[in-house]
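Engineer: Just entry.cif, nothing more (mmCIF, C-alpha atoms):
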data_target
loop_
_atom_site.label_atom_id
_atom_site.label_comp_id
_atom_site.auth_asym_id
_atom_site.auth_seq_id
_atom_site.Cartn_x
_atom_site.Cartn_y
_atom_site.Cartn_z
CA MET W 21 96.05 205.06 128.37
CA THR W 22 96.62 202.77 125.41
CA PRO W 23 99.69 203.14 123.20
CA TYR W 24 99.59 205.34 120.14
CA ASP W 25 98.61 203.46 117.00
CA CYS W 26 98.80 205.59 113.87
CA LYS W 27 96.41 203.25 112.07
CA LYS W 28 93.71 204.18 114.57
CA MET W 29 94.24 207.91 114.23
CA PRO W 30 92.30 209.62 111.43
CA SER W 31 94.44 210.48 108.43
CA ALA W 32 95.00 214.18 107.88
CA ASP W 33 95.04 213.67 104.11
CA GLY W 34 92.82 216.11 102.29
CA CYS W 35 92.28 219.80 101.68
CA TRP W 36 92.23 221.84 104.89
CA ARG W 37 90.15 224.89 103.99
CA PRO W 38 89.45 227.66 104.67
CA VAL W 39 92.36 228.51 106.97
CA ARG W 40 94.50 231.57 107.60
CA LEU W 41 98.29 231.58 107.48
CA VAL W 42 100.88 233.22 109.72
CA GLU W 43 103.55 235.13 107.87
CA GLY W 44 107.04 233.84 108.50
CA LEU W 45 105.89 230.35 109.46
CA VAL W 46 104.81 229.14 106.02
CA GLN W 47 106.20 228.89 102.50
CA PRO W 48 103.15 228.83 100.19
CA ASP W 49 103.42 227.39 96.69
CA VAL W 50 101.25 230.24 95.44
CA PRO W 51 101.30 233.60 97.28
CA VAL W 52 98.26 234.19 99.46
CA PRO W 53 97.15 237.84 99.40
CA GLN W 54 97.11 239.48 102.82
CA GLY W 55 93.76 238.94 104.47
CA SER W 56 92.79 236.12 102.09
CA GLU W 57 92.04 232.58 103.18
CA ALA W 58 94.14 229.62 102.22
CA CYS W 59 94.14 225.88 101.75
CA VAL W 60 96.70 223.40 103.03
CA VAL W 61 96.73 220.12 101.13
CA VAL W 62 97.97 217.00 102.94
CA GLN W 63 98.68 213.86 100.95
CA ALA W 64 100.35 210.64 102.13
CA GLY W 65 101.06 212.28 105.47
CA LYS W 66 102.98 215.19 103.97
CA ILE W 67 102.10 218.72 102.99
CA ALA W 68 101.54 218.63 99.22
CA TRP W 69 100.50 222.22 98.47
CA ILE W 70 99.74 225.53 100.19
CA GLY W 71 98.05 228.46 98.52
CA PRO W 72 94.88 230.52 98.12
CA GLU W 73 91.65 228.68 98.79
CA ASN W 74 90.33 229.54 95.34
CA ALA W 75 93.42 228.26 93.53
CA VAL W 76 93.70 224.64 94.63
CA PRO W 77 95.12 222.58 91.73
CA ALA W 78 92.72 220.20 90.00
CA ALA W 79 94.98 217.29 90.95
CA TYR W 80 93.67 217.54 94.51
CA ALA W 81 89.99 217.88 93.59
CA THR W 82 89.11 214.35 94.68
CA LEU W 83 90.69 214.60 98.12
CA PRO W 84 88.40 214.88 101.13
CA VAL W 85 87.82 218.37 102.48
CA HIS W 86 88.46 219.18 106.13
CA ASP W 87 86.55 222.22 107.29
CA GLY W 88 89.23 224.60 108.50
CA ARG W 89 86.57 226.88 110.00
CA HIS W 90 88.62 229.98 109.16
CA MET W 91 91.11 228.99 111.86
CA LEU W 92 94.68 230.19 112.08
CA VAL W 93 97.18 227.50 111.08
CA THR W 94 100.76 227.29 112.37
CA PRO W 95 103.43 224.62 112.30
CA GLY W 96 103.31 222.21 115.20
CA LEU W 97 104.93 223.67 118.30
CA VAL W 98 108.39 222.51 119.36
CA ASP W 99 109.53 222.35 123.00
CA CYS W 100 113.29 222.26 122.55
CA HIS W 101 114.56 222.09 126.16
CA THR W 102 112.93 219.87 128.80
CA HIS W 103 113.87 217.58 131.66
CA LEU W 104 110.53 215.77 131.47
CA VAL W 105 111.52 212.40 132.97
CA TYR W 106 112.25 212.43 136.70
CA GLY W 107 111.06 211.13 140.04
CA GLY W 108 109.55 213.18 142.87
CA GLU W 109 109.06 216.95 142.96
CA ARG W 110 110.74 219.90 144.68
CA ALA W 111 107.94 222.10 145.92
CA ASN W 112 109.80 222.44 149.23
CA GLU W 113 112.64 224.22 147.42
CA PHE W 114 110.14 226.63 145.92
CA ALA W 115 109.12 227.49 149.48
CA MET W 116 112.78 227.84 150.50
CA ARG W 117 113.42 230.30 147.69
CA LEU W 118 110.39 232.33 148.74
CA ALA W 119 111.91 232.44 152.21
CA GLY W 120 115.15 233.85 150.80
CA ALA W 121 117.40 230.88 149.97
CA SER W 122 119.45 231.18 146.77
CA TYR W 123 119.80 228.54 144.02
CA GLU W 124 123.39 227.95 145.11
CA ALA W 125 122.47 227.69 148.81
CA ILE W 126 119.80 225.10 148.07
CA ALA W 127 122.23 223.06 145.98
CA GLN W 128 124.96 223.26 148.63
CA ALA W 129 122.47 222.04 151.26
CA GLY W 130 121.86 218.83 149.31
CA GLY W 131 118.82 220.04 147.45
CA GLY W 132 118.51 220.95 143.83
CA ILE W 133 119.47 218.48 141.17
CA VAL W 134 120.84 215.94 143.67
CA SER W 135 117.46 215.59 145.40
CA SER W 136 115.86 214.75 142.05
CA VAL W 137 118.64 212.25 141.42
CA LYS W 138 117.71 210.37 144.58
CA ALA W 139 114.02 210.21 143.65
CA THR W 140 114.78 209.23 140.05
CA ARG W 141 117.15 206.46 141.05
CA GLU W 142 114.51 205.05 143.40
CA ALA W 143 111.83 204.96 140.70
CA SER W 144 111.46 202.10 138.24
CA GLU W 145 111.31 202.66 134.50
CA ASP W 146 107.56 202.02 134.54
CA GLU W 147 107.09 204.49 137.39
CA LEU W 148 109.06 207.18 135.57
CA PHE W 149 107.01 206.57 132.44
CA ALA W 150 103.75 206.86 134.38
CA LEU W 151 104.91 210.14 135.95
CA ALA W 152 106.12 211.67 132.69
CA LEU W 153 103.19 210.66 130.49
CA PRO W 154 100.61 213.16 131.83
CA ARG W 155 103.22 215.94 131.68
CA LEU W 156 103.85 215.16 128.04
CA GLN W 157 100.13 214.90 127.32
CA GLN W 158 99.58 218.45 128.56
CA LEU W 159 102.16 219.70 126.10
CA LEU W 160 100.73 217.63 123.25
CA ASP W 161 97.22 218.95 123.91
CA GLU W 162 98.60 222.45 123.37
CA GLY W 163 100.00 221.59 119.95
CA VAL W 164 103.52 220.32 120.61
CA CYS W 165 104.67 218.05 117.77
CA ALA W 166 108.36 217.70 118.70
CA ILE W 167 110.08 217.77 122.06
CA GLU W 168 113.52 217.33 123.55
CA ILE W 169 113.84 215.22 126.69
CA LYS W 170 117.13 215.30 128.61
CA SER W 171 118.53 212.81 131.05
CA GLY W 172 120.61 214.15 133.95
CA TYR W 173 118.74 212.92 137.02
CA GLY W 174 120.35 209.48 136.99
CA LEU W 175 124.06 210.37 137.00
CA SER W 176 125.07 206.72 136.59
CA LEU W 177 124.98 204.50 133.54
CA GLU W 178 122.10 202.43 134.87
CA HIS W 179 119.86 205.36 135.73
CA GLU W 180 120.76 207.63 132.81
CA ARG W 181 119.91 204.69 130.56
CA LYS W 182 116.59 204.34 132.38
CA GLN W 183 115.68 207.98 131.77
CA LEU W 184 116.61 207.85 128.09
CA ARG W 185 114.70 204.61 127.57
CA VAL W 186 111.62 206.24 129.06
CA ALA W 187 112.05 209.21 126.73
CA ARG W 188 112.18 206.92 123.69
CA ARG W 189 109.17 205.00 125.00
CA LEU W 190 107.17 208.21 125.41
CA GLY W 191 107.80 209.13 121.79
CA ALA W 192 106.61 205.75 120.53
CA HIS W 193 103.63 205.66 122.88
CA CYS W 194 102.36 209.13 121.98
CA GLY W 195 103.38 209.35 118.33
CA VAL W 196 105.47 212.46 118.81
CA THR W 197 109.00 213.31 117.71
CA VAL W 198 111.26 213.01 120.77
CA ARG W 199 114.91 214.05 120.65
CA THR W 200 116.91 212.59 123.52
CA THR W 201 119.80 214.50 125.05
CA PHE W 202 122.36 212.91 127.35
CA LEU W 203 122.99 215.27 130.26
CA GLY W 204 125.14 213.03 132.40
CA ALA W 205 127.17 216.12 133.31
CA HIS W 206 124.28 217.83 135.06
CA ALA W 207 125.73 217.64 138.57
CA LEU W 208 128.17 215.52 140.53
CA PRO W 209 126.46 212.46 141.99
CA PRO W 210 126.88 212.10 145.76
CA GLU W 211 129.26 209.16 145.41
CA TYR W 212 131.65 211.37 143.38
CA ALA W 213 131.60 214.38 145.71
CA GLY W 214 134.97 216.14 145.44
CA CYS W 215 136.01 213.90 142.54
CA SER W 216 134.74 215.75 139.51
CA GLN W 217 137.50 214.61 137.16
CA ALA W 218 136.86 210.96 137.95
CA TYR W 219 133.17 211.47 137.20
CA VAL W 220 133.86 213.30 133.93
CA ASP W 221 136.11 210.40 132.92
CA LEU W 222 133.24 208.02 133.65
CA VAL W 223 130.89 210.11 131.53
CA CYS W 224 133.30 210.24 128.60
CA GLU W 225 134.75 206.76 128.68
CA GLU W 226 131.86 204.56 129.81
CA MET W 227 128.46 206.22 130.00
CA LEU W 228 128.37 208.15 126.73
CA PRO W 229 129.85 205.41 124.50
CA ALA W 230 127.49 202.79 125.92
CA LEU W 231 124.36 204.92 125.54
CA VAL W 232 125.29 206.01 122.02
CA ALA W 233 125.85 202.37 121.05
CA GLU W 234 122.37 201.57 122.33
CA GLY W 235 120.84 204.28 120.13
CA LEU W 236 119.61 206.35 123.07
CA VAL W 237 121.45 209.63 122.43
CA ASP W 238 120.61 212.31 119.86
CA ALA W 239 122.73 215.05 121.46
CA VAL W 240 125.02 215.71 124.43
CA ASP W 241 124.57 218.55 126.92
CA VAL W 242 126.58 219.84 129.89
CA PHE W 243 125.71 222.21 132.75
CA CYS W 244 128.72 224.53 132.52
CA GLU W 245 128.61 226.69 135.64
CA ARG W 246 130.56 227.41 138.81
CA ILE W 247 128.29 225.06 140.79
CA ALA W 248 128.52 222.36 138.11
CA PHE W 249 131.23 221.69 135.49
CA SER W 250 134.18 223.81 134.41
CA LEU W 251 135.12 224.87 130.91
CA ALA W 252 137.89 222.28 130.78
CA GLU W 253 135.55 219.50 131.91
CA THR W 254 132.91 220.65 129.43
CA GLU W 255 135.41 220.55 126.59
CA GLN W 256 136.49 217.05 127.56
CA ILE W 257 132.86 215.90 127.24
CA PHE W 258 132.43 217.75 123.94
CA GLN W 259 135.53 216.01 122.59
CA ALA W 260 134.06 212.64 123.59
CA ALA W 261 130.81 213.53 121.82
CA GLN W 262 132.74 214.67 118.76
CA ARG W 263 134.59 211.34 118.58
CA LEU W 264 131.21 209.59 118.57
CA GLN W 265 129.79 212.06 116.01
CA VAL W 266 127.04 213.25 118.34
CA PRO W 267 126.03 216.94 118.26
CA VAL W 268 126.38 219.05 121.39
CA LYS W 269 124.49 221.79 123.17
CA LEU W 270 125.10 223.62 126.44
CA HIS W 271 123.49 225.00 129.57
CA ALA W 272 125.45 228.23 129.23
CA GLU W 273 125.84 231.49 131.12
CA GLN W 274 122.81 231.02 133.37
CA LEU W 275 124.30 232.17 136.67
CA SER W 276 127.57 233.74 135.52
CA ASN W 277 129.63 234.32 132.40
CA MET W 278 131.84 231.26 131.99
CA GLU W 279 132.30 231.85 128.23
CA GLY W 280 130.72 228.45 127.75
CA ALA W 281 128.84 229.69 124.71
CA THR W 282 132.10 230.54 122.98
CA LEU W 283 133.38 227.05 123.67
CA ALA W 284 130.12 225.42 122.55
CA ALA W 285 130.07 227.39 119.32
CA ARG W 286 133.60 226.20 118.59
CA TYR W 287 132.18 222.66 118.62
CA GLY W 288 129.27 223.64 116.36
CA ALA W 289 126.69 223.43 119.13
CA LEU W 290 123.05 223.18 118.11
CA SER W 291 122.12 225.58 120.91
CA CYS W 292 123.22 227.46 124.00
CA ASP W 293 120.46 227.64 126.58
CA HIS W 294 119.60 230.10 129.37
CA ILE W 295 122.37 232.62 128.35
CA GLU W 296 121.33 235.43 130.75
CA HIS W 297 125.02 236.34 131.23
CA LEU W 298 126.03 235.83 127.59
CA SER W 299 128.90 238.08 126.47
CA ALA W 300 129.49 239.87 123.18
CA THR W 301 132.21 237.33 122.46
CA GLY W 302 129.75 234.50 122.97
CA ILE W 303 127.17 236.16 120.73
CA ALA W 304 129.70 236.58 117.92
CA ALA W 305 130.79 232.95 118.24
CA MET W 306 127.20 231.72 118.17
CA GLN W 307 126.40 233.84 115.14
CA ALA W 308 129.38 232.46 113.25
CA ALA W 309 128.53 228.86 114.15
CA GLY W 310 124.78 229.11 113.48
CA THR W 311 124.08 228.19 117.10
CA VAL W 312 120.57 228.90 118.42
CA ALA W 313 120.03 230.90 121.61
CA VAL W 314 117.37 229.13 123.68
CA LEU W 315 115.52 231.43 126.06
CA LEU W 316 114.04 229.84 129.18
CA PRO W 317 111.78 232.42 130.85
CA GLY W 318 110.25 229.84 133.20
CA ALA W 319 113.54 229.38 135.03
CA PHE W 320 114.22 233.13 134.95
CA TYR W 321 110.81 233.72 136.54
CA THR W 322 110.98 230.92 139.11
CA LEU W 323 114.45 231.93 140.26
CA ARG W 324 113.38 235.61 140.34
CA ASP W 325 116.41 236.45 138.25
CA THR W 326 117.15 240.05 137.33
CA GLN W 327 119.88 239.56 134.70
CA LEU W 328 118.09 239.73 131.35
CA PRO W 329 119.44 237.85 128.34
CA PRO W 330 121.04 240.23 125.81
CA ILE W 331 118.04 240.16 123.47
CA GLU W 332 118.83 243.27 121.46
CA ALA W 333 122.42 242.18 120.88
CA LEU W 334 121.24 238.72 119.76
CA ARG W 335 118.68 240.38 117.51
CA GLN W 336 121.23 242.70 115.95
CA ALA W 337 123.65 239.80 115.39
CA GLY W 338 120.95 237.73 113.72
CA VAL W 339 121.27 234.86 116.20
CA PRO W 340 118.03 232.83 116.06
CA MET W 341 116.18 232.81 119.39
CA ALA W 342 114.12 229.82 120.50
CA VAL W 343 111.79 229.68 123.50
CA SER W 344 111.13 226.59 125.61
CA THR W 345 109.54 225.46 128.86
CA ASP W 346 112.72 224.02 130.44
CA HIS W 347 110.25 221.79 132.25
CA ASN W 348 111.99 220.45 135.35
CA PRO W 349 111.01 219.84 138.98
CA GLY W 350 113.21 222.51 140.53
CA THR W 351 113.40 225.71 138.57
CA SER W 352 110.74 225.60 135.86
CA PRO W 353 107.75 223.34 136.58
CA ALA W 354 106.08 224.72 133.44
CA LEU W 355 103.83 222.75 131.09
CA SER W 356 102.76 225.36 128.57
CA VAL W 357 104.80 226.46 125.57
CA LEU W 358 102.30 229.25 124.89
CA LEU W 359 102.79 230.61 128.39
CA MET W 360 106.55 230.60 127.82
CA ALA W 361 106.01 232.58 124.60
CA ASN W 362 104.06 235.15 126.60
CA MET W 363 106.74 235.31 129.28
CA ALA W 364 109.52 235.65 126.72
CA SER W 365 107.65 238.62 125.31
CA THR W 366 106.77 240.31 128.59
CA LEU W 367 110.00 239.57 130.47
CA PHE W 368 112.53 239.57 127.63
CA ARG W 369 110.75 241.91 125.19
CA LEU W 370 110.44 239.56 122.23
CA THR W 371 107.99 240.67 119.57
CA VAL W 372 105.02 238.46 118.64
CA PRO W 373 106.71 237.21 115.42
CA GLU W 374 109.90 236.47 117.38
CA ALA W 375 107.99 234.59 120.07
CA LEU W 376 106.10 232.50 117.51
CA ALA W 377 109.28 231.72 115.59
CA GLY W 378 110.83 230.83 118.95
CA ILE W 379 108.38 228.00 119.58
CA THR W 380 108.37 226.75 115.98
CA ARG W 381 111.15 227.45 113.44
CA HIS W 382 113.98 228.33 115.77
CA ALA W 383 113.07 225.66 118.32
CA ALA W 384 113.18 223.04 115.55
CA GLN W 385 116.60 224.36 114.51
CA ALA W 386 117.82 224.02 118.11
CA LEU W 387 117.05 220.29 117.91
CA GLY W 388 118.49 219.71 114.46
CA LEU W 389 114.95 219.21 113.14
CA ALA W 390 114.71 222.17 110.78
CA ASP W 391 114.00 219.90 107.80
CA ALA W 392 110.91 218.31 109.34
CA HIS W 393 109.45 220.67 111.95
CA GLY W 394 108.79 224.33 112.59
CA LEU W 395 107.71 225.46 109.12
CA LEU W 396 104.78 224.70 106.82
CA ALA W 397 105.96 223.94 103.28
CA ALA W 398 105.30 221.43 100.53
CA GLY W 399 107.22 218.18 100.86
CA ARG W 400 107.54 218.36 104.64
CA PRO W 401 105.79 216.02 107.12
CA ALA W 402 102.35 217.25 108.15
CA HIS W 403 102.86 218.72 111.63
CA MET W 404 100.45 221.62 112.08
CA VAL W 405 97.99 223.20 114.50
CA LEU W 406 94.71 224.94 113.72
CA TRP W 407 93.83 227.60 116.29
CA PRO W 408 90.36 229.12 116.87
CA VAL W 409 91.72 232.65 117.27
CA GLN W 410 91.37 235.83 115.23
CA HIS W 411 94.93 237.08 115.44
CA ALA W 412 98.34 235.42 115.73
CA ALA W 413 99.07 237.74 118.67
CA GLU W 414 96.45 235.84 120.70
CA LEU W 415 98.78 232.83 120.86
CA VAL W 416 101.20 235.00 122.83
CA TYR W 417 98.69 237.29 124.52
CA TRP W 418 96.60 234.97 126.68
CA LEU W 419 97.74 233.91 130.15
CA GLY W 420 96.68 230.40 131.14
CA HIS W 421 94.18 230.00 128.31
CA LYS W 422 94.73 227.01 126.04
CA PRO W 423 92.75 227.44 122.81
CA ASP W 424 90.76 224.38 121.76
CA CYS W 425 93.05 223.56 118.87
CA THR W 426 93.17 220.86 116.22
CA VAL W 427 96.54 219.10 116.06
CA VAL W 428 97.91 217.25 113.05
CA ARG W 429 100.98 215.27 114.08
CA GLN W 430 102.95 212.87 111.89
CA GLY W 431 100.29 213.16 109.18
CA ARG W 432 97.48 212.06 111.49
CA ILE W 433 94.81 213.97 113.36
CA ALA W 434 95.95 213.64 116.95
CA ARG W 435 93.47 216.11 118.43
CA SER W 436 90.47 217.63 116.74
CA THR W 437 87.77 220.23 117.08
CA VAL W 438 86.79 219.62 113.45
CA PHE W 439 85.29 216.16 113.94
CA PRO W 440 82.56 215.25 116.46
CA PRO W 441 84.06 214.00 119.74
CA GLN W 442 82.80 210.45 119.19
CA ASP W 443 84.90 210.21 116.01
CA MET W 444 88.02 210.97 118.09
CA SER W 445 87.35 208.55 120.95
CA HIS W 446 90.48 206.58 120.11
CA ALA W 447 92.72 209.64 120.08
CA LEU W 448 95.25 210.30 122.81
#
Mind converting the file's structure to structure tokens?
Structural biologist:
Amino acid sequence: MTPYDCKKMPSADGCWRPVRLVEGLVQPDVPVPQGSEACVVVQAGKIAWIGPENAVPAAYATLPVHDGRHMLVTPGLVDCHTHLVYGGERANEFAMRLAGASYEAIAQAGGGIVSSVKATREASEDELFALALPRLQQLLDEGVCAIEIKSGYGLSLEHERKQLRVARRLGAHCGVTVRTTFLGAHALPPEYAGCSQAYVDLVCEEMLPALVAEGLVDAVDVFCERIAFSLAETEQIFQAAQRLQVPVKLHAEQLSNMEGATLAARYGALSCDHIEHLSATGIAAMQAAGTVAVLLPGAFYTLRDTQLPPIEALRQAGVPMAVSTDHNPGTSPALSVLLMANMASTLFRLTVPEALAGITRHAAQALGLADAHGLLAAGRPAHMVLWPVQHAAELVYWLGHKPDCTVVRQGRIARSTVFPPQDMSHAL
């Protein structure tokens, strides 16, 4: 597959009409009456105007017209929590869980994250790129326009750097917004078994400063859990990130209530993720800090968890809820954001508007990308998806069905059902 070249991708500039808008995901310049069709104007790669189809300003009269085919238009999807770059797979652990082994038992037996560390360390940068590219392409084909990719399967400077370099390379190759998150504190590497403080010191004093200096880190994450890192160790890493002016986020309250969310909120965390065991104290702290709750139903499902996240309490507190794939080889080998939206609704009882906001607006907020992604409005980069569906609920309703959508990413037509296939032969 050849690298992305924006000059070879058709420009999205023009009047996209007629299309239908989804309430809550768009800020029109002129109100569009309910049930009426709309026009989205793209100019110089940005959204220039949104409003009723019959009220397009004369200034845009000479722009080309893209037949919107009465499709539903949403912002580009955002997958705000993934571990997309890794070596190997862990299907054997899936079988072990089916036979009754717990997450903790698998980890204590040398499986889990550590097994992925071994495979990732053994793979070259080119091999990791080749493995991750088709995973990313599946997500892009479904309308993803921004994605987070964490490290955490290297657990040494050399191999964490390798993962983050691959993540950056994927973004450039595919023309997609990639936010990189350093998750060096994902697990203890084998060579530091029983020496967690020494490893945390390495993360804080050597790994993080070096990777930030190389421009490879957009955020810092920690797995704060009884089988991973303590509250004190997590805070030490947050303090190191704070000194380097890098935002933080947290794997919080997945297996137990460590009050990690409260700590993360104190450091202004972008998000707390998993949060099945989140307490009222944690919810209040997140609300005050503007921290996003990221729901990961793929891991909940794969691990056959029974502890539901406190959705109603988050809802009542006004904490924004994002939804993501948590794509990883062990506990959420998921490659569909739409499927996660369905699972967040069926398993966690999100409404359709909440689920759609969870994979657009709130997911963008969880990555610090609220100014560029997750909402359609004039002046913002053109990241949008046109869906051949009648109702917005269909984006959450279907199981396993990926609508044949048109994707506008970074002001270019990255995938299209509007143009004949031969006109898109150079597309990814």
Engineer: Quick check, in Å to one decimal: how far apart do CA of Pro267 in chain W and CA of Leu190 in chain W lie?
Structural biologist: 22.0 Å
Engineer: Might you spell out which residues the PyMOL selection byres ((chain W and resi 76-92) around 10) would select in the displayed file, as a PyMOL selection string?
Structural biologist: chain W and resi 32-42+50+57-63+68-75+93-94+405-412+425-426+437-439
Engineer: Please indicate the distance in Å from CA of Glu226 in chain W to CA of Tyr287 in chain W, rounded to one decimal place.
Structural biologist: 21.3 Å
Engineer: Using the chain letters and numbering of this document, enumerate as an MDAnalysis selection string the residues selected by the PyMOL selection byres ((chain W and resi 341-347) around 7).
Structural biologist: chainID W and resid 99:104 312:316 318 339:340 348 352:357 360:361 378:379 382:383
Engineer: What would the selection look like, as a list in words, if the PyMOL selection byres ((chain W and resi 252-255) around 8) were run on the coordinates I just shared?
Structural biologist: Gln217, Val220, Val242, Cys244, Phe249, Ser250, Leu251, Gln256, Ile257, Phe258, Gln259 and Leu283 of chain W
Engineer: Residues at most 7 Å from Val98 in chain W, counting all atoms listed in the file, excluding those fewer than 4 positions away in the same chain, as a VMD selection string?
Structural biologist: chain W and resid 164 to 167 379 to 380 383 to 384
Engineer: Please determine, counting only C-alpha atoms, which residue among W:Ala397, W:Val105, W:Ile169, W:Ala413 has the shortest atom-to-atom distance to Ile67 in chain W.
Structural biologist: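 The closest residue to Ile67 in chain W is W:Ala397.
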Engineer: Which residue out of W:Thr140, W:Gln336, W:Gln157, W:Ser276 has the minimum interatomic distance to Pro349 in chain W when only C-alpha atoms are used?
Structural biologist: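 Smallest separation from Pro349 in chain W among the options: W:Thr140.
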Engineer: For each of W:Arg117, W:Lys138, W:His421, W:His271, take the minimum atom-to-atom distance to Gly174 in chain W, counting all atoms listed in the file, then give the residue where this is smallest.
Structural biologist: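 For Gly174 in chain W, the nearest of the given residues is W:Lys138.
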Engineer: In Å, rounded to a single decimal, give me how far CA of Ala398 in chain W is from CA of Gln385 in chain W.
Structural biologist: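 Between CA of Gln385 in chain W and CA of Ala398 in chain W the gap works out to 18.2 Å.
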Engineer: Can you list, as a PDB file with C-alpha atoms, keeping the file's coordinate frame, every protein, DNA or RNA residue that comes within 12 Å of Val137 in chain W when you count all atoms listed in the file, leaving out same-chain residues fewer than 6 positions away?
Structural biologist:
ATOM      1  CA  VAL W 105     111.520 212.400 132.970  1.00  0.00           C
ATOM      2  CA  TYR W 106     112.250 212.430 136.700  1.00  0.00           C
ATOM      3  CA  GLY W 107     111.060 211.130 140.040  1.00  0.00           C
ATOM      4  CA  GLY W 108     109.550 213.180 142.870  1.00  0.00           C
ATOM      5  CA  GLU W 109     109.060 216.950 142.960  1.00  0.00           C
ATOM      6  CA  ARG W 110     110.740 219.900 144.680  1.00  0.00           C
ATOM      7  CA  GLY W 130     121.860 218.830 149.310  1.00  0.00           C
ATOM      8  CA  GLY W 131     118.820 220.040 147.450  1.00  0.00           C
ATOM      9  CA  ALA W 143     111.830 204.960 140.700  1.00  0.00           C
ATOM     10  CA  SER W 171     118.530 212.810 131.050  1.00  0.00           C
ATOM     11  CA  GLY W 172     120.610 214.150 133.950  1.00  0.00           C
ATOM     12  CA  TYR W 173     118.740 212.920 137.020  1.00  0.00           C
ATOM     13  CA  GLY W 174     120.350 209.480 136.990  1.00  0.00           C
ATOM     14  CA  LEU W 175     124.060 210.370 137.000  1.00  0.00           C
ATOM     15  CA  SER W 176     125.070 206.720 136.590  1.00  0.00           C
ATOM     16  CA  HIS W 179     119.860 205.360 135.730  1.00  0.00           C
ATOM     17  CA  GLU W 180     120.760 207.630 132.810  1.00  0.00           C
ATOM     18  CA  GLN W 183     115.680 207.980 131.770  1.00  0.00           C
ATOM     19  CA  GLY W 204     125.140 213.030 132.400  1.00  0.00           C
ATOM     20  CA  HIS W 206     124.280 217.830 135.060  1.00  0.00           C
ATOM     21  CA  ALA W 207     125.730 217.640 138.570  1.00  0.00           C
ATOM     22  CA  LEU W 208     128.170 215.520 140.530  1.00  0.00           C
ATOM     23  CA  PRO W 209     126.460 212.460 141.990  1.00  0.00           C
ATOM     24  CA  PRO W 210     126.880 212.100 145.760  1.00  0.00           C
ATOM     25  CA  GLU W 211     129.260 209.160 145.410  1.00  0.00           C
ATOM     26  CA  PRO W 349     111.010 219.840 138.980  1.00  0.00           C
ATOM     27  CA  GLY W 350     113.210 222.510 140.530  1.00  0.00           C
TER      28      GLY W 350
END
Engineer: When distances are computed from all atoms listed in the file, which of W:Leu231, W:Ala192, W:Val223, W:Leu159 shows the smallest separation from Gly96 in chain W?
Structural biologist: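 So, comparing all the options, the nearest one is W:Leu159.
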Engineer: With distances taken over all atoms listed in the file, which of W:Arg381, W:Arg324, W:Lys66, W:Arg335 is nearest to Ala304 in chain W?
Structural biologist: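 Looking at the shortest contact to Ala304 in chain W, the residue is W:Arg335.
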Engineer: Restricting the calculation to only C-alpha atoms, which member of W:Thr282, W:Thr301, W:Gln47, W:Ser436 is positioned closest to Pro95 in chain W?
Structural biologist: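 For Pro95 in chain W, the nearest of the candidates is W:Gln47.
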Engineer: Would you list the contacts of Ala285 in chain W as a list in words, taking every protein, DNA or RNA residue within 7 Å and counting only C-alpha atoms, but skipping same-chain residues closer than 6 positions in sequence?
Structural biologist: Ala305, Met306, Ala309 and Thr311 of chain W
Engineer: Once 5 Å is added on each side, what centre and edge lengths in Å to one decimal does the axis-aligned box around all listed atoms of range 72-89 of chain W have, as JSON?
Structural biologist:
{"center_x": 90.8, "center_y": 222.4, "center_z": 100.0, "size_x": 18.6, "size_y": 26.2, "size_z": 30.0}
Engineer: Can you list, as a PDB file with C-alpha atoms, in the frame of the given file, every protein, DNA or RNA residue that comes within 6 Å of Ala239 in chain W when you count only C-alpha atoms, leaving out same-chain residues fewer than 5 positions away?
Structural biologist:
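New file part_4.pdb:
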ATOM      1  CA  THR W 201     119.800 214.500 125.050  1.00  0.00           C
ATOM      2  CA  VAL W 266     127.040 213.250 118.340  1.00  0.00           C
ATOM      3  CA  PRO W 267     126.030 216.940 118.260  1.00  0.00           C
ATOM      4  CA  VAL W 268     126.380 219.050 121.390  1.00  0.00           C
TER       5      VAL W 268
END
